[in-house]
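Notes follow once the structure below has been shown.
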Amino acid sequence: MSDQENTSDDLTPITVITGFLGAGKTTFVNYILKEQKQWKICVLENEFGEVAIDDGLVTSSLSIRYLKFQVAESLDAPEDLITMDNGCVCCSVRGDLVRTLGQLASRRKDFDAILLETTGLADPAPVVYTVQTNPKMSDNYRIDSIVCLADCKHIGAHLDEKKPDGSINEALQQVAFADKILLNKIDLVTKEEKEALEARLRTINKFATVIETERSRAPLDKILGLNSFNMESILSYDPSFFESEEDKKIHNLELVQSVGIKFEGNLHAQWFNMFMMDLLRERAADLYRTKGLLSFHGQGNTKFVFQGVHEQINFGPAKNPWAEGETRVNKFVFIGKNLDRAELTKGLMECLYKEEE
């Protein structure tokens, strides 16, 4: 794992896009493929319906040739890819994601990034799991970030929607999984409505960056290539994220929420492993995202990180070790349903290594 961590800059970043119908995803893809000139993006549409590519995805113009197609058994034929004059590429993934990305691997150096729109898929966990656990994928690609496109006018109603049998609704899942939230159509709401919505989104997922957009025109340098899925991005979080909610006097009424915990010291590796195994066995379905930055007893200056989606956890050394004299502060992020900060803190604190008296 350490070898892969050290060569992560050589891997092609994949940004996973989620969002409700009508949030502006097709407009966002059009913008990437047609109008912006700085980035060469390969856009993959993960289609689950019978129609390959949405008829409105890319419109014809003098400078852009539009083809309607779907990926067949091979990507070798020229009609399998739509290549735009700005260097971007669009294709439709209807079969095995591993096969499609595998066939793109020989061309991946032609792209600055790959954008995977998970049409109709609220839970990006299968995509993350595939890229991180399949050697053919992890040797060529890495998950860069998970982006949720949210319709500023209607996302509030989606968040309020009550699902039968107490199941969580898709809008909450999408917000909870995201590293970045594109708050689109801000021109359709008042300043007060927008601020109230942003506050609500931060209650659900405080570590996601909210980016305001109109007509899906997003600054790609704030979305792509930032490796925000990686746990080490926790170092740039707002320090107040780790403050106790009791100190901040915030009443969280959301079923899904984010909890940050930090404390100094060295962890006992075996005790921490047992704690996480028990937590995931009992609560994997409730834990959408988990992240941690850790210091273990007996591991010298090696700094460890982990990030997880449900029960699938990636763990290994960080790119940079603990600096000489740096305070060993363990940091944890949990996003999910019915989280008990006090219970999580107590369990983690019991994993601290204690010198024998």
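In the structure tokens, each chain is lettered A, B, ... as it comes, each chain's residues begin at 1, and ligands are numbered from 1 in order of appearance.
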
- prompt: Near stretch 19-29 of chain A, within 6 Å and counting only C-alpha atoms, which residues show up once chain neighbours fewer than 5 positions away are dropped, as a PyMOL selection string?
  reply: chain A and resi 57+148-151+216

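When atom CA of A:Phe111 is paired with atom CA of A:Ile143, their separation reads 14.8 Å.
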
Quick one: residues within 7 Å of stretch 346-355 of chain A, only C-alpha atoms counted, chain neighbours fewer than 3 positions away excluded, as a tab-separated table (two decimals) with N, CA, C and O atoms, in the first residue's frame?
```
chain	number	residue	atom	x	y	z
A	265	GLY	N	-2.30	11.63	21.67
A	265	GLY	CA	-1.81	10.36	22.19
A	265	GLY	C	-1.52	9.35	21.10
A	265	GLY	O	-1.73	9.61	19.92
A	266	ASN	N	-1.04	8.18	21.51
A	266	ASN	CA	-0.76	7.08	20.61
A	266	ASN	C	-1.79	5.97	20.82
A	266	ASN	O	-2.09	5.61	21.96
A	267	LEU	N	-2.30	5.44	19.75
A	267	LEU	CA	-3.29	4.38	19.83
A	267	LEU	C	-2.62	3.01	19.95
A	267	LEU	O	-1.52	2.80	19.44
A	268	HIS	N	-3.32	2.09	20.60
A	268	HIS	CA	-2.91	0.69	20.67
A	268	HIS	C	-3.48	0.01	19.42
A	268	HIS	O	-4.71	-0.05	19.24
A	271	TRP	N	-6.16	-2.83	19.92
A	271	TRP	CA	-7.41	-2.34	20.48
A	271	TRP	C	-8.20	-1.52	19.47
A	271	TRP	O	-9.42	-1.64	19.37
A	272	PHE	N	-7.50	-0.68	18.70
A	272	PHE	CA	-8.18	0.12	17.68
A	272	PHE	C	-8.77	-0.78	16.59
A	272	PHE	O	-9.90	-0.56	16.14
A	297	HIS	N	1.28	3.56	18.79
A	297	HIS	CA	2.44	3.26	19.63
A	297	HIS	C	3.35	2.26	18.91
A	297	HIS	O	2.89	1.29	18.30
A	342	ALA	N	-20.70	11.03	21.99
A	342	ALA	CA	-20.13	10.62	23.28
A	342	ALA	C	-19.72	9.14	23.25
A	342	ALA	O	-18.65	8.77	23.74
A	343	GLU	N	-20.56	8.30	22.66
A	343	GLU	CA	-20.27	6.87	22.60
A	343	GLU	C	-19.06	6.60	21.71
A	343	GLU	O	-18.18	5.80	22.06
```

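Of the residues listed (A:Lys319, A:His310, A:Lys163, A:Arg217), A:Arg217 shows the shortest atom-to-atom separation from A:Leu33; distances use only C-alpha atoms.
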
Taking 4 positions as the minimum chain separation for residues in the same chain, which residues sit within 12 Å of A:Arg200 when counting only C-alpha atoms? Answer as a PDB file with N, CA and C atoms, in the first residue's frame.
```pdb
ATOM      1  N   CYS A 152     -30.646  24.096  -5.875  1.00  0.00           N
ATOM      2  CA  CYS A 152     -30.883  24.995  -4.745  1.00  0.00           C
ATOM      3  C   CYS A 152     -32.380  25.224  -4.507  1.00  0.00           C
ATOM      4  N   ILE A 155     -33.744  21.079  -3.470  1.00  0.00           N
ATOM      5  CA  ILE A 155     -33.061  20.108  -2.624  1.00  0.00           C
ATOM      6  C   ILE A 155     -33.676  20.042  -1.228  1.00  0.00           C
ATOM      7  N   GLY A 156     -34.179  21.170  -0.737  1.00  0.00           N
ATOM      8  CA  GLY A 156     -34.806  21.178   0.583  1.00  0.00           C
ATOM      9  C   GLY A 156     -35.997  20.243   0.655  1.00  0.00           C
ATOM     10  N   LEU A 159     -34.795  16.694   0.757  1.00  0.00           N
ATOM     11  CA  LEU A 159     -34.288  16.331   2.080  1.00  0.00           C
ATOM     12  C   LEU A 159     -35.431  16.069   3.059  1.00  0.00           C
ATOM     13  N   ASP A 160     -36.560  16.753   2.864  1.00  0.00           N
ATOM     14  CA  ASP A 160     -37.706  16.600   3.760  1.00  0.00           C
ATOM     15  C   ASP A 160     -38.553  15.369   3.455  1.00  0.00           C
ATOM     16  N   LEU A 172     -30.438  12.654   1.114  1.00  0.00           N
ATOM     17  CA  LEU A 172     -29.581  12.612   2.292  1.00  0.00           C
ATOM     18  C   LEU A 172     -28.335  11.778   2.026  1.00  0.00           C
ATOM     19  N   VAL A 175     -25.850  13.853  -0.203  1.00  0.00           N
ATOM     20  CA  VAL A 175     -25.182  14.901   0.558  1.00  0.00           C
ATOM     21  C   VAL A 175     -24.173  14.297   1.530  1.00  0.00           C
ATOM     22  N   ALA A 176     -24.553  13.195   2.166  1.00  0.00           N
ATOM     23  CA  ALA A 176     -23.684  12.572   3.166  1.00  0.00           C
ATOM     24  C   ALA A 176     -22.402  12.026   2.544  1.00  0.00           C
ATOM     25  N   GLU A 193     -32.786  32.315   1.757  1.00  0.00           N
ATOM     26  CA  GLU A 193     -33.067  30.907   1.485  1.00  0.00           C
ATOM     27  C   GLU A 193     -31.773  30.134   1.229  1.00  0.00           C
ATOM     28  N   LYS A 194     -30.867  30.751   0.489  1.00  0.00           N
ATOM     29  CA  LYS A 194     -29.598  30.098   0.174  1.00  0.00           C
ATOM     30  C   LYS A 194     -28.773  29.875   1.443  1.00  0.00           C
ATOM     31  N   GLU A 195     -28.687  30.880   2.298  1.00  0.00           N
ATOM     32  CA  GLU A 195     -27.905  30.758   3.521  1.00  0.00           C
ATOM     33  C   GLU A 195     -28.493  29.706   4.454  1.00  0.00           C
ATOM     34  N   ALA A 196     -29.816  29.652   4.539  1.00  0.00           N
ATOM     35  CA  ALA A 196     -30.461  28.645   5.384  1.00  0.00           C
ATOM     36  C   ALA A 196     -30.189  27.233   4.851  1.00  0.00           C
ATOM     37  N   ILE A 204     -25.644  18.297   7.988  1.00  0.00           N
ATOM     38  CA  ILE A 204     -25.626  16.908   7.530  1.00  0.00           C
ATOM     39  C   ILE A 204     -24.199  16.457   7.256  1.00  0.00           C
ATOM     40  N   ASN A 205     -23.426  17.280   6.552  1.00  0.00           N
ATOM     41  CA  ASN A 205     -22.069  16.908   6.139  1.00  0.00           C
ATOM     42  C   ASN A 205     -21.182  18.139   6.220  1.00  0.00           C
ATOM     43  N   LYS A 206     -20.532  18.312   7.345  1.00  0.00           N
ATOM     44  CA  LYS A 206     -19.791  19.536   7.573  1.00  0.00           C
ATOM     45  C   LYS A 206     -18.458  19.580   6.850  1.00  0.00           C
ATOM     46  N   VAL A 210     -18.913  23.437  -0.043  1.00  0.00           N
ATOM     47  CA  VAL A 210     -20.080  23.879  -0.812  1.00  0.00           C
ATOM     48  C   VAL A 210     -19.636  24.937  -1.816  1.00  0.00           C
ATOM     49  N   ILE A 250     -25.546  23.570  19.246  1.00  0.00           N
ATOM     50  CA  ILE A 250     -26.268  23.331  18.011  1.00  0.00           C
ATOM     51  C   ILE A 250     -27.192  22.135  18.206  1.00  0.00           C
ATOM     52  N   HIS A 251     -28.471  22.309  17.849  1.00  0.00           N
ATOM     53  CA  HIS A 251     -29.429  21.220  17.940  1.00  0.00           C
ATOM     54  C   HIS A 251     -29.594  20.614  16.555  1.00  0.00           C
ATOM     55  N   ASN A 252     -29.087  19.408  16.370  1.00  0.00           N
ATOM     56  CA  ASN A 252     -29.122  18.761  15.074  1.00  0.00           C
ATOM     57  C   ASN A 252     -30.361  17.881  14.990  1.00  0.00           C
ATOM     58  N   LEU A 253     -31.282  18.255  14.096  1.00  0.00           N
ATOM     59  CA  LEU A 253     -32.515  17.510  13.937  1.00  0.00           C
ATOM     60  C   LEU A 253     -32.462  16.544  12.761  1.00  0.00           C
ATOM     61  N   GLU A 254     -31.345  16.502  12.056  1.00  0.00           N
ATOM     62  CA  GLU A 254     -31.223  15.635  10.890  1.00  0.00           C
ATOM     63  C   GLU A 254     -30.934  14.193  11.310  1.00  0.00           C
ATOM     64  N   LEU A 255     -31.491  13.253  10.550  1.00  0.00           N
ATOM     65  CA  LEU A 255     -31.221  11.844  10.804  1.00  0.00           C
ATOM     66  C   LEU A 255     -29.780  11.510  10.438  1.00  0.00           C
ATOM     67  N   VAL A 256     -29.283  12.141   9.373  1.00  0.00           N
ATOM     68  CA  VAL A 256     -27.897  11.960   8.946  1.00  0.00           C
ATOM     69  C   VAL A 256     -27.088  13.157   9.410  1.00  0.00           C
ATOM     70  N   GLN A 257     -25.910  12.910   9.970  1.00  0.00           N
ATOM     71  CA  GLN A 257     -25.096  14.000  10.472  1.00  0.00           C
ATOM     72  C   GLN A 257     -23.624  13.637  10.375  1.00  0.00           C
ATOM     73  N   SER A 258     -22.775  14.629  10.593  1.00  0.00           N
ATOM     74  CA  SER A 258     -21.328  14.409  10.585  1.00  0.00           C
ATOM     75  C   SER A 258     -20.773  14.708  11.973  1.00  0.00           C
TER      76      SER A 258
END
```

task: Write out as a list in words each polymer residue whose atoms come within 12 Å of A:Ser106, counting only C-alpha atoms; drop sequence neighbours fewer than 4 positions from it.
output: Thr12, Leu75, Asp76, Thr100, Leu101, Gly102, Asp110, Phe111, Lys136, Asn140 and Tyr141 of chain A

- prompt: So which residues touch stretch 179-182 of chain A within 8 Å, counting only C-alpha atoms, skipping near sequence neighbours fewer than 2 positions away, as a PyMOL selection string?
  reply: chain A and resi 145-150+175+177+184+207-213+218+223+228-229

Write a file of the selected residues as a compact mmCIF listing (two decimals), in the first residue's frame, keeping C-alpha atoms.
```txt
# COMPACT_ATOMS: atom_id res chain seq x y z
CA SER A 145 -13.59 13.15 -4.94
CA ILE A 146 -17.33 12.51 -4.73
CA VAL A 147 -19.37 15.49 -5.93
CA CYS A 148 -23.08 16.04 -5.31
CA LEU A 149 -24.93 18.37 -7.66
CA ALA A 150 -27.82 19.93 -5.72
CA VAL A 175 -25.18 14.90 0.56
CA PHE A 177 -21.30 10.89 0.70
CA ASN A 184 -26.69 24.98 -8.36
CA PHE A 207 -16.59 18.47 5.88
CA ALA A 208 -17.94 18.80 2.31
CA THR A 209 -17.02 22.00 0.47
CA VAL A 210 -20.08 23.88 -0.81
CA ILE A 211 -19.55 25.61 -4.17
CA GLU A 212 -22.24 27.98 -5.44
CA THR A 213 -23.06 27.82 -9.15
CA ALA A 218 -18.49 25.33 -11.88
CA ILE A 223 -13.44 20.36 -8.01
CA SER A 228 -10.22 15.55 -1.47
CA PHE A 229 -11.35 11.94 -1.03
```

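Across A:Leu201, A:Ile261, A:Ile17, A:Leu280, the tightest approach to A:Val309 is made by A:Leu280 when counting only C-alpha atoms.
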
statement: In Å and to one decimal, atom CA of A:Met277 is distant from atom CA of A:Phe315 by 13.1 Å

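Compared by their closest atoms to A:Tyr129, and using only C-alpha atoms, the residues A:Asp144, A:Glu192, A:Glu282, A:Glu311 rank with A:Glu311 nearest.
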